[in-house]
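Novice: Contents of input-v4.pdb (PDB, N, CA and C atoms, pLDDT in the B column) are below:
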```
MODEL        1
ATOM      1  N   MET V   1       0.842  -1.183   0.000  1.00 54.00           N
ATOM      2  CA  MET V   1       0.000   0.000   0.000  1.00 54.00           C
ATOM      3  C   MET V   1       0.883   1.240   0.000  1.00 54.00           C
ATOM      4  N   LYS V   2       0.623   2.142  -0.911  1.00 70.00           N
ATOM      5  CA  LYS V   2       1.378   3.392  -0.962  1.00 70.00           C
ATOM      6  C   LYS V   2       0.947   4.316   0.166  1.00 70.00           C
ATOM      7  N   ASN V   3       1.858   5.203   0.542  1.00 74.00           N
ATOM      8  CA  ASN V   3       1.498   6.225   1.515  1.00 74.00           C
ATOM      9  C   ASN V   3       0.480   7.158   0.883  1.00 74.00           C
ATOM     10  N   LYS V   4      -0.584   7.417   1.580  1.00 89.00           N
ATOM     11  CA  LYS V   4      -1.565   8.383   1.113  1.00 89.00           C
ATOM     12  C   LYS V   4      -1.462   9.596   2.019  1.00 89.00           C
ATOM     13  N   ILE V   5      -1.256  10.744   1.407  1.00 86.00           N
ATOM     14  CA  ILE V   5      -1.094  11.978   2.175  1.00 86.00           C
ATOM     15  C   ILE V   5      -2.234  12.919   1.850  1.00 86.00           C
ATOM     16  N   GLU V   6      -2.894  13.396   2.882  1.00 84.00           N
ATOM     17  CA  GLU V   6      -3.950  14.387   2.740  1.00 84.00           C
ATOM     18  C   GLU V   6      -3.413  15.718   3.236  1.00 84.00           C
ATOM     19  N   THR V   7      -3.778  16.783   2.555  1.00 83.00           N
ATOM     20  CA  THR V   7      -3.345  18.124   2.939  1.00 83.00           C
ATOM     21  C   THR V   7      -4.565  19.011   3.070  1.00 83.00           C
ATOM     22  N   VAL V   8      -4.536  19.894   4.046  1.00 76.00           N
ATOM     23  CA  VAL V   8      -5.629  20.843   4.224  1.00 76.00           C
ATOM     24  C   VAL V   8      -5.042  22.219   4.505  1.00 76.00           C
ATOM     25  N   MET V   9      -5.588  23.223   3.853  1.00 76.00           N
ATOM     26  CA  MET V   9      -5.251  24.607   4.162  1.00 76.00           C
ATOM     27  C   MET V   9      -6.171  25.008   5.307  1.00 76.00           C
ATOM     28  N   VAL V  10      -5.620  25.643   6.304  1.00 74.00           N
ATOM     29  CA  VAL V  10      -6.371  25.924   7.518  1.00 74.00           C
ATOM     30  C   VAL V  10      -6.609  27.421   7.660  1.00 74.00           C
ATOM     31  N   ASP V  11      -7.826  27.774   8.021  1.00 75.00           N
ATOM     32  CA  ASP V  11      -8.155  29.167   8.312  1.00 75.00           C
ATOM     33  C   ASP V  11      -7.977  29.379   9.810  1.00 75.00           C
ATOM     34  N   SER V  12      -6.762  29.754  10.196  1.00 83.00           N
ATOM     35  CA  SER V  12      -6.423  29.858  11.610  1.00 83.00           C
ATOM     36  C   SER V  12      -5.403  30.970  11.803  1.00 83.00           C
ATOM     37  N   SER V  13      -5.450  31.589  12.963  1.00 86.00           N
ATOM     38  CA  SER V  13      -4.462  32.633  13.263  1.00 86.00           C
ATOM     39  C   SER V  13      -3.100  32.030  13.597  1.00 86.00           C
ATOM     40  N   ALA V  14      -3.059  30.741  13.925  1.00 86.00           N
ATOM     41  CA  ALA V  14      -1.800  30.097  14.320  1.00 86.00           C
ATOM     42  C   ALA V  14      -1.251  29.130  13.273  1.00 86.00           C
ATOM     43  N   ILE V  15      -2.127  28.533  12.471  1.00 89.00           N
ATOM     44  CA  ILE V  15      -1.724  27.444  11.590  1.00 89.00           C
ATOM     45  C   ILE V  15      -1.976  27.822  10.134  1.00 89.00           C
ATOM     46  N   TYR V  16      -0.966  27.591   9.312  1.00 89.00           N
ATOM     47  CA  TYR V  16      -1.093  27.861   7.871  1.00 89.00           C
ATOM     48  C   TYR V  16      -1.719  26.669   7.149  1.00 89.00           C
ATOM     49  N   SER V  17      -1.146  25.471   7.366  1.00 90.00           N
ATOM     50  CA  SER V  17      -1.688  24.270   6.751  1.00 90.00           C
ATOM     51  C   SER V  17      -1.212  23.046   7.528  1.00 90.00           C
ATOM     52  N   ALA V  18      -1.760  21.893   7.142  1.00 92.00           N
ATOM     53  CA  ALA V  18      -1.370  20.646   7.784  1.00 92.00           C
ATOM     54  C   ALA V  18      -1.506  19.524   6.771  1.00 92.00           C
ATOM     55  N   GLU V  19      -0.728  18.465   6.983  1.00 94.00           N
ATOM     56  CA  GLU V  19      -0.862  17.284   6.136  1.00 94.00           C
ATOM     57  C   GLU V  19      -0.767  16.038   6.999  1.00 94.00           C
ATOM     58  N   TYR V  20      -1.354  14.973   6.482  1.00 94.00           N
ATOM     59  CA  TYR V  20      -1.439  13.734   7.253  1.00 94.00           C
ATOM     60  C   TYR V  20      -1.114  12.550   6.350  1.00 94.00           C
ATOM     61  N   ASN V  21      -0.204  11.698   6.819  1.00 95.00           N
ATOM     62  CA  ASN V  21       0.141  10.470   6.113  1.00 95.00           C
ATOM     63  C   ASN V  21      -0.688   9.346   6.733  1.00 95.00           C
ATOM     64  N   LEU V  22      -1.679   8.872   5.973  1.00 93.00           N
ATOM     65  CA  LEU V  22      -2.607   7.868   6.491  1.00 93.00           C
ATOM     66  C   LEU V  22      -1.919   6.564   6.872  1.00 93.00           C
ATOM     67  N   LYS V  23      -0.932   6.139   6.099  1.00 93.00           N
ATOM     68  CA  LYS V  23      -0.253   4.870   6.378  1.00 93.00           C
ATOM     69  C   LYS V  23       0.664   4.976   7.598  1.00 93.00           C
ATOM     70  N   LYS V  24       1.440   6.034   7.665  1.00 95.00           N
ATOM     71  CA  LYS V  24       2.398   6.199   8.763  1.00 95.00           C
ATOM     72  C   LYS V  24       1.787   6.835  10.007  1.00 95.00           C
ATOM     73  N   GLU V  25       0.570   7.382   9.885  1.00 96.00           N
ATOM     74  CA  GLU V  25      -0.095   8.107  10.965  1.00 96.00           C
ATOM     75  C   GLU V  25       0.778   9.253  11.485  1.00 96.00           C
ATOM     76  N   GLU V  26       1.306  10.027  10.526  1.00 96.00           N
ATOM     77  CA  GLU V  26       2.127  11.195  10.852  1.00 96.00           C
ATOM     78  C   GLU V  26       1.419  12.454  10.365  1.00 96.00           C
ATOM     79  N   MET V  27       1.429  13.464  11.203  1.00 95.00           N
ATOM     80  CA  MET V  27       0.817  14.739  10.857  1.00 95.00           C
ATOM     81  C   MET V  27       1.884  15.824  10.894  1.00 95.00           C
ATOM     82  N   ILE V  28       1.945  16.615   9.835  1.00 95.00           N
ATOM     83  CA  ILE V  28       2.865  17.744   9.781  1.00 95.00           C
ATOM     84  C   ILE V  28       2.026  19.014   9.844  1.00 95.00           C
ATOM     85  N   VAL V  29       2.384  19.895  10.770  1.00 94.00           N
ATOM     86  CA  VAL V  29       1.655  21.150  10.943  1.00 94.00           C
ATOM     87  C   VAL V  29       2.596  22.303  10.610  1.00 94.00           C
ATOM     88  N   TYR V  30       2.134  23.160   9.703  1.00 93.00           N
ATOM     89  CA  TYR V  30       2.878  24.346   9.281  1.00 93.00           C
ATOM     90  C   TYR V  30       2.254  25.550   9.985  1.00 93.00           C
ATOM     91  N   PHE V  31       3.015  26.152  10.874  1.00 93.00           N
ATOM     92  CA  PHE V  31       2.504  27.272  11.656  1.00 93.00           C
ATOM     93  C   PHE V  31       2.788  28.602  10.967  1.00 93.00           C
ATOM     94  N   ASN V  32       1.969  29.588  11.247  1.00 91.00           N
ATOM     95  CA  ASN V  32       2.131  30.926  10.657  1.00 91.00           C
ATOM     96  C   ASN V  32       3.437  31.600  11.074  1.00 91.00           C
ATOM     97  N   ASN V  33       4.039  31.179  12.170  1.00 93.00           N
ATOM     98  CA  ASN V  33       5.308  31.767  12.609  1.00 93.00           C
ATOM     99  C   ASN V  33       6.503  31.110  11.917  1.00 93.00           C
ATOM    100  N   GLN V  34       6.247  30.353  10.849  1.00 94.00           N
ATOM    101  CA  GLN V  34       7.252  29.685  10.024  1.00 94.00           C
ATOM    102  C   GLN V  34       7.809  28.396  10.633  1.00 94.00           C
ATOM    103  N   SER V  35       7.333  27.961  11.781  1.00 96.00           N
ATOM    104  CA  SER V  35       7.809  26.697  12.339  1.00 96.00           C
ATOM    105  C   SER V  35       6.994  25.543  11.763  1.00 96.00           C
ATOM    106  N   ILE V  36       7.640  24.390  11.696  1.00 97.00           N
ATOM    107  CA  ILE V  36       7.020  23.191  11.147  1.00 97.00           C
ATOM    108  C   ILE V  36       7.295  22.044  12.121  1.00 97.00           C
ATOM    109  N   TYR V  37       6.237  21.319  12.477  1.00 96.00           N
ATOM    110  CA  TYR V  37       6.372  20.198  13.395  1.00 96.00           C
ATOM    111  C   TYR V  37       5.731  18.947  12.805  1.00 96.00           C
ATOM    112  N   LYS V  38       6.394  17.815  13.024  1.00 97.00           N
ATOM    113  CA  LYS V  38       5.832  16.519  12.636  1.00 97.00           C
ATOM    114  C   LYS V  38       5.446  15.781  13.918  1.00 97.00           C
ATOM    115  N   TYR V  39       4.222  15.276  13.931  1.00 97.00           N
ATOM    116  CA  TYR V  39       3.689  14.519  15.071  1.00 97.00           C
ATOM    117  C   TYR V  39       3.522  13.066  14.650  1.00 97.00           C
ATOM    118  N   PHE V  40       3.920  12.154  15.532  1.00 98.00           N
ATOM    119  CA  PHE V  40       3.970  10.741  15.208  1.00 98.00           C
ATOM    120  C   PHE V  40       2.852   9.955  15.892  1.00 98.00           C
ATOM    121  N   LYS V  41       2.423   8.876  15.209  1.00 97.00           N
ATOM    122  CA  LYS V  41       1.399   7.958  15.732  1.00 97.00           C
ATOM    123  C   LYS V  41       0.107   8.693  16.102  1.00 97.00           C
ATOM    124  N   ILE V  42      -0.331   9.538  15.187  1.00 97.00           N
ATOM    125  CA  ILE V  42      -1.568  10.295  15.373  1.00 97.00           C
ATOM    126  C   ILE V  42      -2.719   9.492  14.753  1.00 97.00           C
ATOM    127  N   PRO V  43      -3.663   9.005  15.549  1.00 96.00           N
ATOM    128  CA  PRO V  43      -4.809   8.304  14.960  1.00 96.00           C
ATOM    129  C   PRO V  43      -5.588   9.221  14.007  1.00 96.00           C
ATOM    130  N   ASN V  44      -6.174   8.606  13.010  1.00 93.00           N
ATOM    131  CA  ASN V  44      -6.888   9.349  11.973  1.00 93.00           C
ATOM    132  C   ASN V  44      -7.977  10.269  12.529  1.00 93.00           C
ATOM    133  N   PHE V  45      -8.637   9.872  13.610  1.00 94.00           N
ATOM    134  CA  PHE V  45      -9.718  10.724  14.120  1.00 94.00           C
ATOM    135  C   PHE V  45      -9.199  12.051  14.665  1.00 94.00           C
ATOM    136  N   TYR V  46      -7.937  12.118  15.090  1.00 95.00           N
ATOM    137  CA  TYR V  46      -7.363  13.409  15.486  1.00 95.00           C
ATOM    138  C   TYR V  46      -7.153  14.289  14.258  1.00 95.00           C
ATOM    139  N   TRP V  47      -6.720  13.678  13.160  1.00 93.00           N
ATOM    140  CA  TRP V  47      -6.563  14.425  11.910  1.00 93.00           C
ATOM    141  C   TRP V  47      -7.914  14.988  11.467  1.00 93.00           C
ATOM    142  N   ARG V  48      -8.929  14.147  11.469  1.00 92.00           N
ATOM    143  CA  ARG V  48     -10.273  14.603  11.096  1.00 92.00           C
ATOM    144  C   ARG V  48     -10.761  15.685  12.054  1.00 92.00           C
ATOM    145  N   GLY V  49     -10.472  15.506  13.311  1.00 92.00           N
ATOM    146  CA  GLY V  49     -10.881  16.483  14.315  1.00 92.00           C
ATOM    147  C   GLY V  49     -10.235  17.839  14.114  1.00 92.00           C
ATOM    148  N   LEU V  50      -9.000  17.845  13.634  1.00 88.00           N
ATOM    149  CA  LEU V  50      -8.302  19.112  13.431  1.00 88.00           C
ATOM    150  C   LEU V  50      -9.044  19.995  12.441  1.00 88.00           C
ATOM    151  N   PHE V  51      -9.395  19.465  11.275  1.00 79.00           N
ATOM    152  CA  PHE V  51     -10.027  20.367  10.325  1.00 79.00           C
ATOM    153  C   PHE V  51     -11.534  20.490  10.514  1.00 79.00           C
ATOM    154  N   GLU V  52     -12.119  19.718  11.430  1.00 88.00           N
ATOM    155  CA  GLU V  52     -13.532  19.905  11.800  1.00 88.00           C
ATOM    156  C   GLU V  52     -13.680  20.911  12.950  1.00 88.00           C
ATOM    157  N   ALA V  53     -12.614  21.114  13.704  1.00 89.00           N
ATOM    158  CA  ALA V  53     -12.676  21.967  14.894  1.00 89.00           C
ATOM    159  C   ALA V  53     -12.836  23.440  14.526  1.00 89.00           C
ATOM    160  N   PRO V  54     -13.686  24.175  15.257  1.00 89.00           N
ATOM    161  CA  PRO V  54     -13.835  25.607  14.990  1.00 89.00           C
ATOM    162  C   PRO V  54     -12.548  26.385  15.263  1.00 89.00           C
ATOM    163  N   SER V  55     -11.782  25.974  16.279  1.00 89.00           N
ATOM    164  CA  SER V  55     -10.509  26.612  16.591  1.00 89.00           C
ATOM    165  C   SER V  55      -9.411  25.568  16.470  1.00 89.00           C
ATOM    166  N   LYS V  56      -8.592  25.701  15.425  1.00 89.00           N
ATOM    167  CA  LYS V  56      -7.531  24.728  15.184  1.00 89.00           C
ATOM    168  C   LYS V  56      -6.476  24.755  16.281  1.00 89.00           C
ATOM    169  N   GLY V  57      -6.117  25.955  16.725  1.00 89.00           N
ATOM    170  CA  GLY V  57      -5.124  26.088  17.790  1.00 89.00           C
ATOM    171  C   GLY V  57      -5.594  25.467  19.090  1.00 89.00           C
ATOM    172  N   LYS V  58      -6.844  25.687  19.463  1.00 93.00           N
ATOM    173  CA  LYS V  58      -7.382  25.096  20.692  1.00 93.00           C
ATOM    174  C   LYS V  58      -7.439  23.578  20.582  1.00 93.00           C
ATOM    175  N   PHE V  59      -7.801  23.094  19.400  1.00 93.00           N
ATOM    176  CA  PHE V  59      -7.841  21.647  19.202  1.00 93.00           C
ATOM    177  C   PHE V  59      -6.451  21.041  19.404  1.00 93.00           C
ATOM    178  N   LEU V  60      -5.448  21.634  18.763  1.00 93.00           N
ATOM    179  CA  LEU V  60      -4.084  21.123  18.915  1.00 93.00           C
ATOM    180  C   LEU V  60      -3.621  21.201  20.364  1.00 93.00           C
ATOM    181  N   ASN V  61      -3.905  22.319  21.018  1.00 94.00           N
ATOM    182  CA  ASN V  61      -3.514  22.468  22.428  1.00 94.00           C
ATOM    183  C   ASN V  61      -4.166  21.414  23.312  1.00 94.00           C
ATOM    184  N   THR V  62      -5.416  21.112  23.057  1.00 96.00           N
ATOM    185  CA  THR V  62      -6.166  20.185  23.911  1.00 96.00           C
ATOM    186  C   THR V  62      -5.851  18.724  23.612  1.00 96.00           C
ATOM    187  N   TYR V  63      -5.747  18.372  22.329  1.00 96.00           N
ATOM    188  CA  TYR V  63      -5.695  16.960  21.961  1.00 96.00           C
ATOM    189  C   TYR V  63      -4.378  16.454  21.388  1.00 96.00           C
ATOM    190  N   VAL V  64      -3.473  17.339  20.982  1.00 95.00           N
ATOM    191  CA  VAL V  64      -2.258  16.870  20.307  1.00 95.00           C
ATOM    192  C   VAL V  64      -0.989  17.254  21.054  1.00 95.00           C
ATOM    193  N   PHE V  65      -0.804  18.541  21.342  1.00 91.00           N
ATOM    194  CA  PHE V  65       0.412  18.983  22.034  1.00 91.00           C
ATOM    195  C   PHE V  65       0.523  18.255  23.364  1.00 91.00           C
ATOM    196  N   LYS V  66       1.701  17.867  23.712  1.00 87.00           N
ATOM    197  CA  LYS V  66       2.037  17.199  24.972  1.00 87.00           C
ATOM    198  C   LYS V  66       1.484  15.781  25.084  1.00 87.00           C
ATOM    199  N   LYS V  67       0.732  15.313  24.073  1.00 95.00           N
ATOM    200  CA  LYS V  67       0.191  13.957  24.129  1.00 95.00           C
ATOM    201  C   LYS V  67       0.852  13.026  23.123  1.00 95.00           C
ATOM    202  N   PHE V  68       1.472  13.595  22.096  1.00 97.00           N
ATOM    203  CA  PHE V  68       2.086  12.796  21.048  1.00 97.00           C
ATOM    204  C   PHE V  68       3.538  13.213  20.861  1.00 97.00           C
ATOM    205  N   THR V  69       4.354  12.259  20.449  1.00 97.00           N
ATOM    206  CA  THR V  69       5.752  12.528  20.149  1.00 97.00           C
ATOM    207  C   THR V  69       5.818  13.389  18.916  1.00 97.00           C
ATOM    208  N   TYR V  70       6.763  14.334  18.916  1.00 97.00           N
ATOM    209  CA  TYR V  70       6.885  15.235  17.778  1.00 97.00           C
ATOM    210  C   TYR V  70       8.356  15.573  17.523  1.00 97.00           C
ATOM    211  N   SER V  71       8.578  16.175  16.375  1.00 97.00           N
ATOM    212  CA  SER V  71       9.913  16.611  15.991  1.00 97.00           C
ATOM    213  C   SER V  71       9.776  17.927  15.252  1.00 97.00           C
ATOM    214  N   ARG V  72      10.608  18.894  15.604  1.00 97.00           N
ATOM    215  CA  ARG V  72      10.619  20.157  14.871  1.00 97.00           C
ATOM    216  C   ARG V  72      11.363  19.944  13.555  1.00 97.00           C
ATOM    217  N   MET V  73      10.813  20.434  12.458  1.00 96.00           N
ATOM    218  CA  MET V  73      11.377  20.142  11.147  1.00 96.00           C
ATOM    219  C   MET V  73      12.109  21.322  10.513  1.00 96.00           C
ATOM    220  N   ASP V  74      12.023  22.490  11.062  1.00 77.00           N
ATOM    221  CA  ASP V  74      12.667  23.644  10.419  1.00 77.00           C
ATOM    222  C   ASP V  74      13.950  24.032  11.091  1.00 77.00           C
TER
ENDMDL
END
```
Would you write out, as structure tokens, the structure that this file holds?

Specialist:
Amino acid sequence: MKNKIETVMVDSSAIYSAEYNLKKEEMIVYFNNQSIYKYFKIPNFYWRGLFEAPSKGKFLNTYVFKKFTYSRMD
């Protein structure tokens, strides 16, 4: 199975865009301050939750930051 990557442009004061690798369960978040972070072992429902959430920053703060392993990419 090939890696399938989904990308979404986000309307957020903190986040520019995000992408998700369905096979690897990795999410990359591109922040408006030019920083880029990759989050590992993110279940698909968190990815879906990110672009369904009214506030992307609050969603990440509540459900992703400090709960998943990450790496700064820039």

Novice: Name every residue that the PyMOL selection byres ((chain V and resi 29) around 6) selects in this structure, writing the answer as a VMD selection string with chains first and numbers rising.

Specialist: chain V and resid 17 to 19 27 to 28 30 to 31 35 to 39

Novice: Given the choices V:Lys56, V:Gln34, V:Lys24, V:Ile42, which gets closest to Val10 (chain V) if the distance is worked out from all atoms listed in the file?

Specialist: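 Among the listed residues, the smallest separation from Val10 (chain V) belongs to V:Lys56.
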
Novice: Could you please write out, as a JSON list (two decimals) with N, CA and C atoms, in the frame of the given file, every residue of chain V that DSSP assigns to strand (DSSP E or B)?

Specialist:
```
[["chain", "number", "residue", "atom", "x", "y", "z"],
["V", 5, "ILE", "N", -1.26, 10.74, 1.41],
["V", 5, "ILE", "CA", -1.09, 11.98, 2.17],
["V", 5, "ILE", "C", -2.23, 12.92, 1.85],
["V", 6, "GLU", "N", -2.89, 13.40, 2.88],
["V", 6, "GLU", "CA", -3.95, 14.39, 2.74],
["V", 6, "GLU", "C", -3.41, 15.72, 3.24],
["V", 7, "THR", "N", -3.78, 16.78, 2.56],
["V", 7, "THR", "CA", -3.34, 18.12, 2.94],
["V", 7, "THR", "C", -4.57, 19.01, 3.07],
["V", 8, "VAL", "N", -4.54, 19.89, 4.05],
["V", 8, "VAL", "CA", -5.63, 20.84, 4.22],
["V", 8, "VAL", "C", -5.04, 22.22, 4.50],
["V", 9, "MET", "N", -5.59, 23.22, 3.85],
["V", 9, "MET", "CA", -5.25, 24.61, 4.16],
["V", 9, "MET", "C", -6.17, 25.01, 5.31],
["V", 15, "ILE", "N", -2.13, 28.53, 12.47],
["V", 15, "ILE", "CA", -1.72, 27.44, 11.59],
["V", 15, "ILE", "C", -1.98, 27.82, 10.13],
["V", 16, "TYR", "N", -0.97, 27.59, 9.31],
["V", 16, "TYR", "CA", -1.09, 27.86, 7.87],
["V", 16, "TYR", "C", -1.72, 26.67, 7.15],
["V", 17, "SER", "N", -1.15, 25.47, 7.37],
["V", 17, "SER", "CA", -1.69, 24.27, 6.75],
["V", 17, "SER", "C", -1.21, 23.05, 7.53],
["V", 18, "ALA", "N", -1.76, 21.89, 7.14],
["V", 18, "ALA", "CA", -1.37, 20.65, 7.78],
["V", 18, "ALA", "C", -1.51, 19.52, 6.77],
["V", 19, "GLU", "N", -0.73, 18.46, 6.98],
["V", 19, "GLU", "CA", -0.86, 17.28, 6.14],
["V", 19, "GLU", "C", -0.77, 16.04, 7.00],
["V", 20, "TYR", "N", -1.35, 14.97, 6.48],
["V", 20, "TYR", "CA", -1.44, 13.73, 7.25],
["V", 20, "TYR", "C", -1.11, 12.55, 6.35],
["V", 21, "ASN", "N", -0.20, 11.70, 6.82],
["V", 21, "ASN", "CA", 0.14, 10.47, 6.11],
["V", 21, "ASN", "C", -0.69, 9.35, 6.73],
["V", 26, "GLU", "N", 1.31, 10.03, 10.53],
["V", 26, "GLU", "CA", 2.13, 11.20, 10.85],
["V", 26, "GLU", "C", 1.42, 12.45, 10.36],
["V", 27, "MET", "N", 1.43, 13.46, 11.20],
["V", 27, "MET", "CA", 0.82, 14.74, 10.86],
["V", 27, "MET", "C", 1.88, 15.82, 10.89],
["V", 28, "ILE", "N", 1.94, 16.61, 9.84],
["V", 28, "ILE", "CA", 2.86, 17.74, 9.78],
["V", 28, "ILE", "C", 2.03, 19.01, 9.84],
["V", 29, "VAL", "N", 2.38, 19.90, 10.77],
["V", 29, "VAL", "CA", 1.66, 21.15, 10.94],
["V", 29, "VAL", "C", 2.60, 22.30, 10.61],
["V", 30, "TYR", "N", 2.13, 23.16, 9.70],
["V", 30, "TYR", "CA", 2.88, 24.35, 9.28],
["V", 30, "TYR", "C", 2.25, 25.55, 9.98],
["V", 31, "PHE", "N", 3.02, 26.15, 10.87],
["V", 31, "PHE", "CA", 2.50, 27.27, 11.66],
["V", 31, "PHE", "C", 2.79, 28.60, 10.97],
["V", 36, "ILE", "N", 7.64, 24.39, 11.70],
["V", 36, "ILE", "CA", 7.02, 23.19, 11.15],
["V", 36, "ILE", "C", 7.30, 22.04, 12.12],
["V", 37, "TYR", "N", 6.24, 21.32, 12.48],
["V", 37, "TYR", "CA", 6.37, 20.20, 13.40],
["V", 37, "TYR", "C", 5.73, 18.95, 12.80],
["V", 38, "LYS", "N", 6.39, 17.82, 13.02],
["V", 38, "LYS", "CA", 5.83, 16.52, 12.64],
["V", 38, "LYS", "C", 5.45, 15.78, 13.92],
["V", 39, "TYR", "N", 4.22, 15.28, 13.93],
["V", 39, "TYR", "CA", 3.69, 14.52, 15.07],
["V", 39, "TYR", "C", 3.52, 13.07, 14.65],
["V", 70, "TYR", "N", 6.76, 14.33, 18.92],
["V", 70, "TYR", "CA", 6.88, 15.24, 17.78],
["V", 70, "TYR", "C", 8.36, 15.57, 17.52],
["V", 71, "SER", "N", 8.58, 16.18, 16.38],
["V", 71, "SER", "CA", 9.91, 16.61, 15.99],
["V", 71, "SER", "C", 9.78, 17.93, 15.25],
["V", 72, "ARG", "N", 10.61, 18.89, 15.60],
["V", 72, "ARG", "CA", 10.62, 20.16, 14.87],
["V", 72, "ARG", "C", 11.36, 19.94, 13.56]]
```

Novice: When you look at Asn21 (chain V) with a cut-off of 7 Å (counting only C-alpha atoms), what residues show up, excluding the ones that are within fewer than 6 positions of it in the same chain? I need them as a JSON list (two decimals) with N, CA and C atoms, in the coordinates of the input.

Specialist:
```json
[["chain", "number", "residue", "atom", "x", "y", "z"],
["V", 3, "ASN", "N", 1.86, 5.20, 0.54],
["V", 3, "ASN", "CA", 1.50, 6.22, 1.52],
["V", 3, "ASN", "C", 0.48, 7.16, 0.88],
["V", 4, "LYS", "N", -0.58, 7.42, 1.58],
["V", 4, "LYS", "CA", -1.56, 8.38, 1.11],
["V", 4, "LYS", "C", -1.46, 9.60, 2.02],
["V", 5, "ILE", "N", -1.26, 10.74, 1.41],
["V", 5, "ILE", "CA", -1.09, 11.98, 2.17],
["V", 5, "ILE", "C", -2.23, 12.92, 1.85],
["V", 6, "GLU", "N", -2.89, 13.40, 2.88],
["V", 6, "GLU", "CA", -3.95, 14.39, 2.74],
["V", 6, "GLU", "C", -3.41, 15.72, 3.24],
["V", 27, "MET", "N", 1.43, 13.46, 11.20],
["V", 27, "MET", "CA", 0.82, 14.74, 10.86],
["V", 27, "MET", "C", 1.88, 15.82, 10.89]]
```

Novice: Quick one: distance from CA of Asp11 (chain V) to CA of Thr62 (chain V) in Å, one decimal?

Specialist: 18.1 Å

Novice: Suppose you want the space between CA of Lys58 (chain V) and atom C of Arg72 (chain V); what is it in Å?

Specialist: 20.7 Å

Novice: Using Å and a single decimal, report how far CA of Glu52 (chain V) sits from CA of Thr7 (chain V).

Specialist: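 Distance between the two atoms: 13.6 Å.
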
Novice: Restricting the calculation to only C-alpha atoms, which member of V:Tyr70, V:Phe59, V:Phe51, V:Phe45 is positioned closest to Leu22 (chain V)?

Specialist: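 Answer, going by the shortest atom-to-atom distance: V:Phe45.
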
Novice: As a list in words, list the residues of chain V assigned to helix (DSSP H, G or I) by DSSP on the backbone atoms of this structure.

Specialist: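 So, restricting chain V to helix (DSSP H, G or I), we get Asn44, Phe45, Tyr46, Trp47, Arg48, Gly49, Leu50, Phe51, Glu52, Lys56, Gly57, Lys58, Phe59, Leu60, Asn61, Thr62 and Tyr63 of chain V.
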
Novice: Compare V:Phe40, V:Pro54, V:Asp74, V:Phe65 by their minimum atom-to-atom distance to Glu26 (chain V), counting only N, CA and C atoms, and give me the closest one.

Specialist: V:Phe40

Novice: When distances are computed from only N, CA and C atoms, which of V:Met9, V:Lys67, V:Glu25, V:Ser55 shows the smallest separation from Pro43 (chain V)?

Specialist: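 Under the stated criterion, the closest residue is V:Glu25.
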
Novice: Which of these, V:Ile15, V:Tyr20, V:Met73, V:Asn32, has the shortest distance to Trp47 (chain V) once you count only C-alpha atoms?

Specialist: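 Checking each of V:Ile15, V:Tyr20, V:Met73, V:Asn32 against Trp47 (chain V), counting only C-alpha atoms, the winner is V:Tyr20.
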